[in-house]
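Listing of protein_17.cif, mmCIF, C-alpha atoms
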```cif
data_start
#
loop_
_atom_site.label_atom_id
_atom_site.label_comp_id
_atom_site.auth_asym_id
_atom_site.auth_seq_id
_atom_site.Cartn_x
_atom_site.Cartn_y
_atom_site.Cartn_z
CA MET A 1 -12.22 2.07 10.84
CA ASN A 2 -10.64 5.50 10.75
CA ILE A 3 -8.34 5.89 7.75
CA LEU A 4 -5.94 8.63 6.73
CA LEU A 5 -5.21 8.75 3.00
CA VAL A 6 -2.10 10.68 1.96
CA GLY A 7 -1.96 12.39 -1.43
CA SER A 8 -3.72 14.77 -3.80
CA GLY A 9 -3.68 13.21 -7.27
CA GLY A 10 -5.93 11.14 -9.47
CA ARG A 11 -4.56 7.97 -7.89
CA GLU A 12 -5.61 9.17 -4.45
CA HIS A 13 -9.05 10.25 -5.67
CA ALA A 14 -9.53 6.73 -7.05
CA LEU A 15 -8.39 5.17 -3.76
CA ALA A 16 -10.69 7.48 -1.76
CA TRP A 17 -13.59 6.62 -4.07
CA LYS A 18 -13.05 2.89 -3.56
CA ILE A 19 -12.30 3.06 0.19
CA ALA A 20 -15.46 5.12 0.76
CA GLN A 21 -17.57 2.24 -0.60
CA SER A 22 -16.48 -0.12 2.20
CA PRO A 23 -18.89 -0.98 5.03
CA LEU A 24 -15.82 -1.22 7.26
CA LEU A 25 -15.14 2.51 6.98
CA LYS A 26 -16.07 4.83 9.82
CA ARG A 27 -14.09 7.94 8.89
CA LEU A 28 -11.86 8.81 5.94
CA VAL A 29 -9.62 11.87 5.93
CA ALA A 30 -7.38 12.78 2.99
CA ALA A 31 -4.37 15.08 3.14
CA PRO A 32 -3.99 17.32 1.30
CA GLY A 33 -6.71 16.05 -1.06
CA ASN A 34 -8.18 17.96 -4.00
CA PRO A 35 -11.62 19.30 -5.03
CA GLY A 36 -12.68 15.87 -6.28
CA ILE A 37 -11.57 14.04 -3.14
CA GLU A 38 -13.36 16.71 -1.10
CA ARG A 39 -16.65 15.44 -2.52
CA VAL A 40 -15.86 11.94 -1.19
CA CYS A 41 -14.43 12.59 2.28
CA GLU A 42 -12.89 15.11 4.65
CA VAL A 43 -9.70 16.83 3.49
CA ARG A 44 -6.99 18.58 5.50
CA ALA A 45 -4.41 20.97 4.09
CA VAL A 46 -1.37 18.94 5.12
CA SER A 47 1.27 18.36 2.45
CA ALA A 48 2.17 14.80 1.46
CA THR A 49 5.78 15.53 2.41
CA ASP A 50 4.98 17.14 5.80
CA VAL A 51 5.75 14.07 7.87
CA ASP A 52 5.30 15.83 11.22
CA GLY A 53 1.93 17.20 10.14
CA LEU A 54 0.74 13.86 8.80
CA VAL A 55 1.77 11.99 11.94
CA ALA A 56 -0.05 14.58 14.06
CA LEU A 57 -3.14 14.22 11.87
CA ALA A 58 -3.06 10.42 12.13
CA ARG A 59 -2.97 10.71 15.91
CA GLU A 60 -5.70 13.35 15.95
CA ILE A 61 -8.19 11.17 14.07
CA ALA A 62 -7.08 8.00 15.88
CA ALA A 63 -6.22 6.42 12.54
CA ASP A 64 -6.50 2.65 12.43
CA LEU A 65 -4.68 2.72 9.09
CA VAL A 66 -2.68 5.21 7.03
CA VAL A 67 -2.69 4.65 3.26
CA VAL A 68 0.20 6.37 1.48
CA GLY A 69 -0.43 7.29 -2.14
CA PRO A 70 2.63 9.15 -3.49
CA GLU A 71 6.24 8.01 -3.46
CA SER A 72 7.36 11.42 -2.16
CA ALA A 73 5.88 10.69 1.26
CA LEU A 74 7.61 7.30 1.38
CA GLU A 75 10.95 8.87 0.50
CA LYS A 76 10.53 11.22 3.48
CA GLY A 77 10.12 8.25 5.84
CA LEU A 78 6.44 8.60 6.74
CA ALA A 79 5.99 4.84 7.18
CA ASP A 80 8.92 4.71 9.61
CA ARG A 81 7.49 7.47 11.79
CA LEU A 82 4.11 5.77 11.90
CA ALA A 83 5.69 2.41 12.75
CA ALA A 84 7.41 4.03 15.74
CA LEU A 85 3.93 4.94 17.01
CA SER A 86 2.44 1.51 16.18
CA ILE A 87 0.08 3.05 13.61
CA PRO A 88 -0.48 0.56 10.75
CA CYS A 89 0.70 1.94 7.44
CA PHE A 90 0.09 0.72 3.90
CA GLY A 91 3.40 1.67 2.33
CA PRO A 92 7.06 0.68 2.65
CA SER A 93 9.71 2.10 4.92
CA GLN A 94 12.18 4.67 3.66
CA LEU A 95 14.83 2.02 3.07
CA ALA A 96 12.44 -0.40 1.39
CA ALA A 97 11.08 2.40 -0.82
CA ARG A 98 14.51 2.69 -2.40
CA LEU A 99 13.19 0.14 -4.89
CA GLU A 100 11.61 3.20 -6.46
CA THR A 101 13.46 6.18 -5.05
CA SER A 102 16.85 5.01 -6.33
CA LYS A 103 17.14 3.32 -9.71
CA ALA A 104 20.81 2.60 -8.98
CA PHE A 105 19.85 0.74 -5.80
CA THR A 106 17.27 -1.30 -7.68
CA LYS A 107 19.57 -2.25 -10.54
CA ASP A 108 22.24 -3.40 -8.07
CA PHE A 109 19.55 -5.23 -6.06
CA CYS A 110 18.42 -7.08 -9.20
CA ALA A 111 22.00 -8.03 -9.99
CA ARG A 112 22.56 -9.36 -6.45
CA HIS A 113 19.46 -11.53 -6.55
CA GLY A 114 19.29 -12.57 -10.19
CA LEU A 115 16.11 -10.73 -11.17
CA PRO A 116 15.76 -10.52 -14.97
CA THR A 117 16.39 -6.96 -16.13
CA ALA A 118 18.54 -4.94 -18.52
CA GLY A 119 22.29 -4.58 -18.10
CA HIS A 120 23.32 -1.20 -16.74
CA GLY A 121 25.94 1.22 -15.51
CA VAL A 122 25.68 3.99 -12.87
CA PHE A 123 27.57 7.26 -13.25
CA ASP A 124 28.03 10.65 -11.63
CA ASP A 125 30.73 11.70 -14.11
CA ALA A 126 29.79 12.66 -17.67
CA GLU A 127 33.05 11.52 -19.24
CA LYS A 128 32.78 8.06 -17.73
CA ALA A 129 29.17 7.89 -18.83
CA ASP A 130 30.23 8.84 -22.38
CA ALA A 131 32.77 6.03 -22.44
CA PHE A 132 30.12 3.52 -21.33
CA LEU A 133 27.65 4.77 -23.95
CA GLN A 134 30.20 4.11 -26.66
CA THR A 135 30.18 0.40 -25.73
CA LEU A 136 26.44 0.14 -26.42
CA PRO A 137 24.42 0.04 -29.63
CA PRO A 138 21.63 2.59 -30.12
CA PRO A 139 19.02 3.41 -28.96
CA TYR A 140 20.23 4.45 -25.52
CA VAL A 141 18.28 4.46 -22.26
CA ILE A 142 19.28 7.18 -19.76
CA LYS A 143 17.52 7.59 -16.42
CA ALA A 144 17.86 9.99 -13.51
CA ASP A 145 18.60 7.93 -10.41
CA GLY A 146 16.01 9.54 -8.13
CA LEU A 147 12.37 10.62 -8.28
CA ALA A 148 11.50 12.79 -11.27
CA ALA A 149 7.68 12.51 -11.42
CA GLY A 150 7.84 9.93 -14.20
CA LYS A 151 9.74 12.26 -16.51
CA GLY A 152 13.36 11.31 -15.74
CA VAL A 153 13.81 8.86 -18.62
CA VAL A 154 15.25 9.58 -22.06
CA ILE A 155 15.33 7.10 -24.94
CA ALA A 156 18.02 8.58 -27.19
CA ALA A 157 18.15 7.61 -30.85
CA ASP A 158 21.84 8.44 -31.31
CA LEU A 159 25.02 8.95 -29.32
CA ALA A 160 24.94 12.74 -29.47
CA GLU A 161 21.41 12.83 -28.04
CA ALA A 162 22.41 10.34 -25.33
CA LYS A 163 25.43 12.41 -24.27
CA ALA A 164 23.27 15.54 -24.17
CA ALA A 165 20.74 13.76 -21.95
CA VAL A 166 23.49 12.70 -19.54
CA ARG A 167 24.76 16.25 -19.24
CA ASP A 168 21.24 17.59 -18.86
CA MET A 169 20.54 15.28 -15.92
CA LEU A 170 23.92 15.62 -14.22
CA GLY A 171 23.73 19.35 -14.82
CA GLY A 172 20.74 19.72 -12.50
CA ARG A 173 17.59 19.38 -14.59
CA PHE A 174 16.05 17.11 -11.96
CA GLY A 175 17.93 18.51 -8.97
CA ALA A 176 19.26 15.92 -6.53
CA ALA A 177 17.37 13.18 -8.41
CA GLY A 178 19.86 13.56 -11.27
CA ALA A 179 23.04 13.50 -9.17
CA GLN A 180 23.59 10.05 -10.67
CA VAL A 181 22.42 8.63 -13.98
CA VAL A 182 21.64 5.02 -14.82
CA ILE A 183 22.39 3.91 -18.37
CA GLU A 184 20.69 0.69 -19.42
CA ASP A 185 20.70 -1.70 -22.33
CA PHE A 186 17.70 -1.05 -24.55
CA MET A 187 15.08 -3.80 -24.25
CA GLN A 188 12.89 -4.55 -27.26
CA GLY A 189 9.27 -5.40 -26.53
CA GLU A 190 6.02 -4.05 -25.17
CA GLU A 191 5.64 -2.55 -21.70
CA ALA A 192 3.00 -3.50 -19.16
CA SER A 193 2.33 -2.76 -15.50
CA LEU A 194 1.89 -5.59 -12.98
CA PHE A 195 0.82 -4.95 -9.39
CA ALA A 196 1.25 -7.06 -6.29
CA LEU A 197 0.37 -6.56 -2.63
CA THR A 198 2.75 -7.71 0.08
CA ASP A 199 2.95 -7.67 3.87
CA GLY A 200 6.71 -8.22 3.84
CA ARG A 201 6.43 -12.01 3.86
CA SER A 202 3.79 -13.09 1.36
CA ALA A 203 2.60 -11.49 -1.87
CA ILE A 204 -0.45 -11.73 -4.13
CA LEU A 205 -0.97 -10.34 -7.62
CA PHE A 206 -3.31 -7.35 -7.70
CA GLY A 207 -4.13 -6.56 -11.28
CA ALA A 208 -2.38 -5.42 -14.44
CA ALA A 209 -2.67 -2.55 -16.89
CA GLN A 210 -0.93 -0.72 -19.71
CA ASP A 211 -0.34 3.00 -19.73
CA HIS A 212 0.73 5.54 -22.33
CA LYS A 213 3.84 7.50 -21.33
CA ARG A 214 4.28 9.82 -24.30
CA ALA A 215 2.42 13.11 -24.42
CA PHE A 216 0.89 12.83 -27.88
CA ASP A 217 -0.93 10.38 -30.14
CA GLY A 218 1.12 7.64 -31.75
CA ASP A 219 3.47 7.59 -28.76
CA GLN A 220 5.07 10.84 -29.86
CA GLY A 221 6.47 13.67 -27.77
CA PRO A 222 8.16 13.76 -24.37
CA ASN A 223 7.72 11.22 -21.59
CA THR A 224 5.11 12.11 -19.01
CA GLY A 225 3.76 10.64 -15.79
CA GLY A 226 1.16 8.87 -17.95
CA MET A 227 -1.50 10.12 -20.38
CA GLY A 228 -3.93 7.24 -20.03
CA ALA A 229 -4.28 3.57 -19.17
CA TYR A 230 -6.43 0.51 -19.65
CA SER A 231 -7.00 -2.76 -17.86
CA PRO A 232 -6.82 -5.65 -18.36
CA ALA A 233 -3.82 -5.63 -20.67
CA PRO A 234 -4.30 -8.47 -23.20
CA ILE A 235 -0.56 -8.61 -23.91
CA LEU A 236 0.13 -9.53 -20.27
CA THR A 237 -1.43 -12.98 -20.22
CA PRO A 238 -2.09 -14.83 -16.95
CA GLU A 239 0.86 -17.08 -17.80
CA LEU A 240 3.24 -14.13 -18.22
CA ALA A 241 1.94 -12.52 -15.03
CA GLU A 242 2.55 -15.76 -13.15
CA GLN A 243 6.06 -15.96 -14.58
CA ALA A 244 6.78 -12.42 -13.40
CA ARG A 245 5.43 -13.28 -9.95
CA ILE A 246 7.73 -16.28 -9.66
CA GLU A 247 10.82 -14.64 -11.18
CA MET A 248 10.52 -11.06 -9.88
CA ILE A 249 7.83 -10.32 -7.30
CA GLU A 250 8.35 -13.16 -4.83
CA PRO A 251 12.18 -13.13 -5.07
CA ALA A 252 12.16 -9.37 -4.46
CA VAL A 253 9.93 -9.70 -1.38
CA ARG A 254 12.11 -12.49 0.04
CA ALA A 255 15.33 -10.63 -0.70
CA MET A 256 14.16 -7.35 0.81
CA ALA A 257 13.26 -9.18 4.03
CA ALA A 258 16.58 -11.03 4.02
CA GLU A 259 18.50 -7.77 3.60
CA GLY A 260 16.74 -6.29 6.63
CA TYR A 261 14.08 -4.00 5.16
CA PRO A 262 10.87 -5.98 4.60
CA TYR A 263 8.67 -4.42 1.95
CA VAL A 264 5.05 -3.60 2.87
CA GLY A 265 2.42 -2.20 0.51
CA VAL A 266 1.97 -2.36 -3.23
CA LEU A 267 4.90 -3.43 -5.37
CA TYR A 268 4.47 -2.20 -8.93
CA ALA A 269 6.61 -3.97 -11.50
CA GLY A 270 7.02 -2.18 -14.80
CA LEU A 271 7.66 -5.02 -17.24
CA MET A 272 9.12 -5.28 -20.71
CA LEU A 273 7.59 -8.25 -22.48
CA THR A 274 10.51 -9.39 -24.62
CA ALA A 275 11.04 -12.37 -26.90
CA ASP A 276 12.89 -13.97 -23.95
CA GLY A 277 10.00 -13.42 -21.53
CA PRO A 278 9.17 -10.62 -19.08
CA LYS A 279 12.02 -8.47 -17.80
CA LEU A 280 11.93 -5.77 -15.17
CA VAL A 281 12.06 -2.17 -16.36
CA GLU A 282 11.64 -0.74 -12.86
CA PHE A 283 9.93 -1.22 -9.53
CA ASN A 284 7.64 1.43 -8.08
CA ALA A 285 6.69 1.63 -4.42
CA ARG A 286 3.07 2.72 -4.94
CA PHE A 287 0.12 2.26 -7.25
CA GLY A 288 0.66 3.57 -10.75
CA ASP A 289 -1.04 6.77 -11.81
CA PRO A 290 -3.17 6.44 -13.99
CA GLU A 291 -3.16 2.63 -13.67
CA CYS A 292 -4.64 2.76 -10.17
CA GLN A 293 -7.71 4.48 -11.54
CA VAL A 294 -8.64 1.65 -13.88
CA LEU A 295 -7.79 -0.99 -11.27
CA MET A 296 -10.17 0.62 -8.75
CA LEU A 297 -12.92 0.70 -11.41
CA ARG A 298 -12.55 -3.03 -11.98
CA LEU A 299 -12.02 -4.20 -8.38
CA GLU A 300 -15.12 -5.98 -7.08
CA SER A 301 -13.67 -6.85 -3.66
CA ASP A 302 -13.64 -4.49 -0.71
CA LEU A 303 -10.26 -2.74 -0.78
CA ILE A 304 -9.85 -2.05 2.93
CA PRO A 305 -9.18 -5.65 4.10
CA TYR A 306 -6.28 -5.93 1.64
CA LEU A 307 -4.73 -2.61 2.65
CA LEU A 308 -5.02 -3.48 6.34
CA ALA A 309 -3.70 -7.02 5.89
CA CYS A 310 -0.56 -5.69 4.21
CA ALA A 311 0.00 -3.24 7.06
CA THR A 312 -0.56 -5.85 9.79
CA GLY A 313 1.21 -8.87 8.32
CA THR A 314 -1.91 -10.95 7.70
CA LEU A 315 -2.15 -10.97 3.90
CA SER A 316 -1.88 -14.76 3.61
CA SER A 317 -5.24 -15.11 5.40
CA LEU A 318 -7.18 -13.34 2.63
CA PRO A 319 -8.65 -14.86 -0.55
CA ARG A 320 -7.59 -13.66 -3.95
CA PRO A 321 -9.30 -10.39 -4.92
CA VAL A 322 -12.31 -10.54 -7.24
CA TRP A 323 -12.31 -8.42 -10.40
CA ARG A 324 -15.21 -7.30 -12.57
CA ASP A 325 -15.38 -9.05 -15.91
CA GLU A 326 -15.15 -5.66 -17.59
CA ALA A 327 -12.52 -3.43 -19.12
CA GLY A 328 -11.49 -0.07 -17.68
CA VAL A 329 -10.08 2.92 -19.56
CA CYS A 330 -8.61 6.17 -18.25
CA VAL A 331 -8.00 9.25 -20.42
CA VAL A 332 -5.81 11.92 -18.84
CA LEU A 333 -6.62 15.58 -19.53
CA ALA A 334 -3.49 17.67 -19.10
CA ALA A 335 -2.83 21.40 -19.05
CA GLU A 336 -1.29 23.09 -22.07
CA GLY A 337 2.49 23.04 -21.77
CA TYR A 338 2.65 19.76 -19.85
CA PRO A 339 5.06 18.14 -19.06
CA GLU A 340 7.61 20.94 -19.28
CA ALA A 341 5.65 24.05 -18.24
CA PRO A 342 1.93 23.43 -17.63
CA LYS A 343 -0.24 26.53 -17.57
CA ALA A 344 -2.34 26.95 -14.45
CA GLY A 345 -5.56 28.85 -13.85
CA SER A 346 -7.72 27.99 -16.87
CA VAL A 347 -11.37 27.26 -16.11
CA ILE A 348 -12.85 23.80 -16.72
CA GLU A 349 -16.56 23.36 -17.36
CA GLY A 350 -18.63 20.19 -17.32
CA ALA A 351 -16.20 17.91 -15.49
CA GLU A 352 -18.55 17.42 -12.54
CA ALA A 353 -21.60 16.43 -14.59
CA ASP A 354 -23.30 13.04 -14.17
CA PHE A 355 -21.99 10.88 -17.00
CA GLY A 356 -23.71 7.71 -15.81
CA ALA A 357 -22.75 4.85 -13.53
CA GLU A 358 -20.05 3.53 -15.88
CA VAL A 359 -18.10 6.82 -16.06
CA THR A 360 -16.11 8.38 -13.22
CA VAL A 361 -14.01 11.55 -13.40
CA PHE A 362 -11.11 11.56 -10.95
CA HIS A 363 -9.48 14.89 -10.13
CA ALA A 364 -5.70 15.30 -10.11
CA GLY A 365 -4.27 18.82 -10.55
CA THR A 366 -7.44 20.81 -9.88
CA ALA A 367 -8.33 23.75 -7.67
CA ARG A 368 -11.51 25.59 -6.75
CA GLY A 369 -11.75 29.27 -7.75
CA ALA A 370 -13.18 31.94 -5.47
CA ASP A 371 -16.42 31.76 -7.45
CA GLY A 372 -16.60 27.97 -7.10
CA SER A 373 -15.35 27.26 -10.61
CA LEU A 374 -13.02 24.35 -11.27
CA THR A 375 -9.58 25.40 -12.49
CA ALA A 376 -6.36 23.75 -13.62
CA ALA A 377 -3.66 23.68 -10.94
CA GLY A 378 -1.16 21.12 -12.20
CA GLY A 379 0.13 19.18 -15.17
CA ARG A 380 -2.22 16.22 -15.31
CA VAL A 381 -5.53 17.71 -14.28
CA LEU A 382 -8.39 15.25 -14.81
CA ASN A 383 -8.74 11.50 -15.31
CA VAL A 384 -11.85 10.57 -17.28
CA CYS A 385 -12.45 6.87 -16.64
CA ALA A 386 -15.03 4.37 -17.82
CA ARG A 387 -15.98 0.71 -17.56
CA GLY A 388 -17.41 -1.38 -20.35
CA SER A 389 -18.12 -4.93 -21.46
CA ASP A 390 -14.93 -4.74 -23.52
CA LEU A 391 -12.14 -2.26 -24.14
CA ARG A 392 -13.80 -0.61 -27.12
CA VAL A 393 -17.03 0.03 -25.24
CA ALA A 394 -15.13 1.42 -22.25
CA ARG A 395 -13.00 3.65 -24.44
CA ASP A 396 -16.02 5.01 -26.35
CA ARG A 397 -17.72 5.88 -23.05
CA ALA A 398 -14.61 7.62 -21.74
CA TYR A 399 -14.15 9.71 -24.87
CA ALA A 400 -17.85 10.65 -24.95
CA ALA A 401 -17.37 12.15 -21.49
CA VAL A 402 -14.10 13.81 -22.51
CA ASP A 403 -15.86 15.46 -25.43
CA ALA A 404 -18.56 16.83 -23.12
CA ILE A 405 -16.00 18.64 -20.95
CA LYS A 406 -15.24 22.20 -22.03
CA TRP A 407 -11.63 23.06 -21.36
CA PRO A 408 -9.80 25.05 -24.06
CA GLY A 409 -6.70 25.17 -21.85
CA GLY A 410 -6.18 21.42 -21.88
CA PHE A 411 -5.20 18.59 -24.20
CA HIS A 412 -5.39 14.80 -24.28
CA ARG A 413 -4.54 11.81 -26.41
CA ARG A 414 -7.19 10.32 -28.67
CA ASP A 415 -5.62 6.86 -28.99
CA ILE A 416 -5.71 5.37 -25.50
CA GLY A 417 -5.86 1.60 -25.81
CA TRP A 418 -4.58 1.47 -29.37
CA ARG A 419 -2.20 -1.41 -28.73
CA ALA A 420 -4.95 -3.72 -27.57
CA LEU A 421 -7.46 -2.56 -30.20
#
```
Output the file's structure as structure tokens, nothing else.
Amino acid sequence: MNILLVGSGGREHALAWKIAQSPLLKRLVAAPGNPGIERVCEVRAVSATDVDGLVALAREIAADLVVVGPESALEKGLADRLAALSIPCFGPSQLAARLETSKAFTKDFCARHGLPTAGHGVFDDAEKADAFLQTLPPPYVIKADGLAAGKGVVIAADLAEAKAAVRDMLGGRFGAAGAQVVIEDFMQGEEASLFALTDGRSAILFGAAQDHKRAFDGDQGPNTGGMGAYSPAPILTPELAEQARIEMIEPAVRAMAAEGYPYVGVLYAGLMLTADGPKLVEFNARFGDPECQVLMLRLESDLIPYLLACATGTLSSLPRPVWRDEAGVCVVLAAEGYPEAPKAGSVIEGAEADFGAEVTVFHAGTARGADGSLTAAGGRVLNVCARGSDLRVARDRAYAAVDAIKWPGGFHRRDIGWRAL
């Protein structure tokens, strides 16, 4: 098979790494890729949001399947353009992707179909938002409606902070993504990430993980796109995962089809595990990053048949995926200043060493200098991942590799996996 993989982050490096292991693969091209992905397959300098360029590239390589990594490409309607050309695509249409690209849409969708989630209000006027906030007890949850790279959420401890967050978002901090804000009831519990694959009609669970959103140890500092992850997540028991499948995943797939925009691809349910059972925090229309990295480490099955089955409506014909009886840990190395103003250009040494079969370093925001050196070119720069017989072994292996990498311009958390340990 000829496959086009869209994206340039750690998630896409992990997908490329796993896809490249398949005996079904003939040719893999990634766009735009990164220096790590370039070591796995061909890369082309086509942006993930250049729909015309990506469609042309898919036709050029006679792609049998296009795998879309980032939500930005889905928001631009890449899947729709490919569908018009009968090119199978792993990823939802522009309308179906609203489950991620518009939090207001998703909250209203949950209300229409009885999916368990927090109460909410949607506002484009600060005064009306203030009035709604005054009806709620603290803490307050304020979210930008659109895509904000995982950073458009504020948990405000008091009313003054909540009002400031509303004005910050409506005032343009996240551009068009903050034209509306969603204010939600605060849910008490522990968060976990549950993944499912769907072809628009049927769905199967596809692993679970927990990530660490805050920038610093002890869950301190600003929200980020994710500073690390581990899988499996002991808190998300098989029974709770099955409950979420019955109460959230399958109803969502049925309802999307009934409303006229069947959902194809991976459906990522961010869950809050409350005293009353799992409730939906949000849906995402792609694999989590860095959760995808640990899922790919643990996946024993060939990935390609599942991606293709979703894109061609044949998922129900496949067996359940097989997972390694091991734990996976991912530690994110980020550039100084992330998430607000990451500093680019610093040189990284040792990241491309051989750390053994159990350790894999996935590139995210990296670039290659003129002299061949590896440099930082983004916020989250490297994902140091490891497998082990249990979480502690996997974590120790990951941190041993982290400590061997010389990068004064970066930082990372030292407590990935603390909840489970």
Next item on the list: Go through the shown structure with the PyMOL selection byres ((chain A and resi 378-383) around 9) and write out the matching residues as a PyMOL selection string.
Entry: chain A and resi 9-10+225-228+290+293+330-344+351+360-367+375-377+384-385+410
Notebook entry, point to check: If you measure from CA of Asp390 in chain A to CA of Val329 in chain A, what distance in Å do you get, rounded to one decimal?
Noted result: 9.9 Å
Starting from the displayed file, determine the output of the PyMOL selection byres ((chain A and resi 322) around 8) and express the residue list as a short mmCIF file (atom, residue, chain, number, x, y, z; two decimals) with C-alpha atoms, keeping the file's coordinate frame.
```cif
data_model
loop_
_atom_site.label_atom_id
_atom_site.label_comp_id
_atom_site.auth_asym_id
_atom_site.auth_seq_id
_atom_site.Cartn_x
_atom_site.Cartn_y
_atom_site.Cartn_z
CA LEU A 299 -12.02 -4.20 -8.38
CA GLU A 300 -15.12 -5.98 -7.08
CA SER A 301 -13.67 -6.85 -3.66
CA ARG A 320 -7.59 -13.66 -3.95
CA PRO A 321 -9.30 -10.39 -4.92
CA TRP A 323 -12.31 -8.42 -10.40
CA ARG A 324 -15.21 -7.30 -12.57
#
```
Checklist line | Selection dump of the PyMOL selection byres ((chain A and resi 102) around 10), as a list in words | finding: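 Written out, the selection comes to Glu75, Ala97, Arg98, Leu99, Glu100, Thr101, Lys103, Ala104, Phe105, Thr106, Lys107, Ala144, Asp145, Gly146, Leu147, Ala177, Gln180, Val182 and Phe283 of chain A.
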Next item on the list: Identify, on the basis of only C-alpha atoms, every residue whose closest approach to Lys26 in chain A does not exceed 10 Å; exclude the query and any residue fewer than 3 positions from it along the same chain; express the result as a list in words.
Entry: Met1, Asn2, Ile3, Ala20, Ser22 and Pro23 of chain A
Next item on the list: Point out the residue among A:Leu280, A:Ile304, A:Ala309, A:Leu159 with the least atom-to-atom distance to Val141 in chain A, counting only C-alpha atoms.
Entry: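 Once distances to Val141 in chain A are computed over only C-alpha atoms, the minimum belongs to A:Leu159.
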Notebook entry, point to check: A:Cys41, A:Ala48, A:Ala394, A:Met256: which is nearest Arg112 in chain A, counting all atoms listed in the file?
Noted result: A:Met256
Next item on the list: Measuring atom to atom with only C-alpha atoms, identify which of A:Ala157, A:Ala357, A:Val6, A:Val46 is nearest to Leu78 in chain A.
Entry: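 Among the listed residues, A:Val6 lies closest to Leu78 in chain A.
We find CA of Asp168 in chain A and CA of Gln210 in chain A to be spaced 28.8 Å apart.
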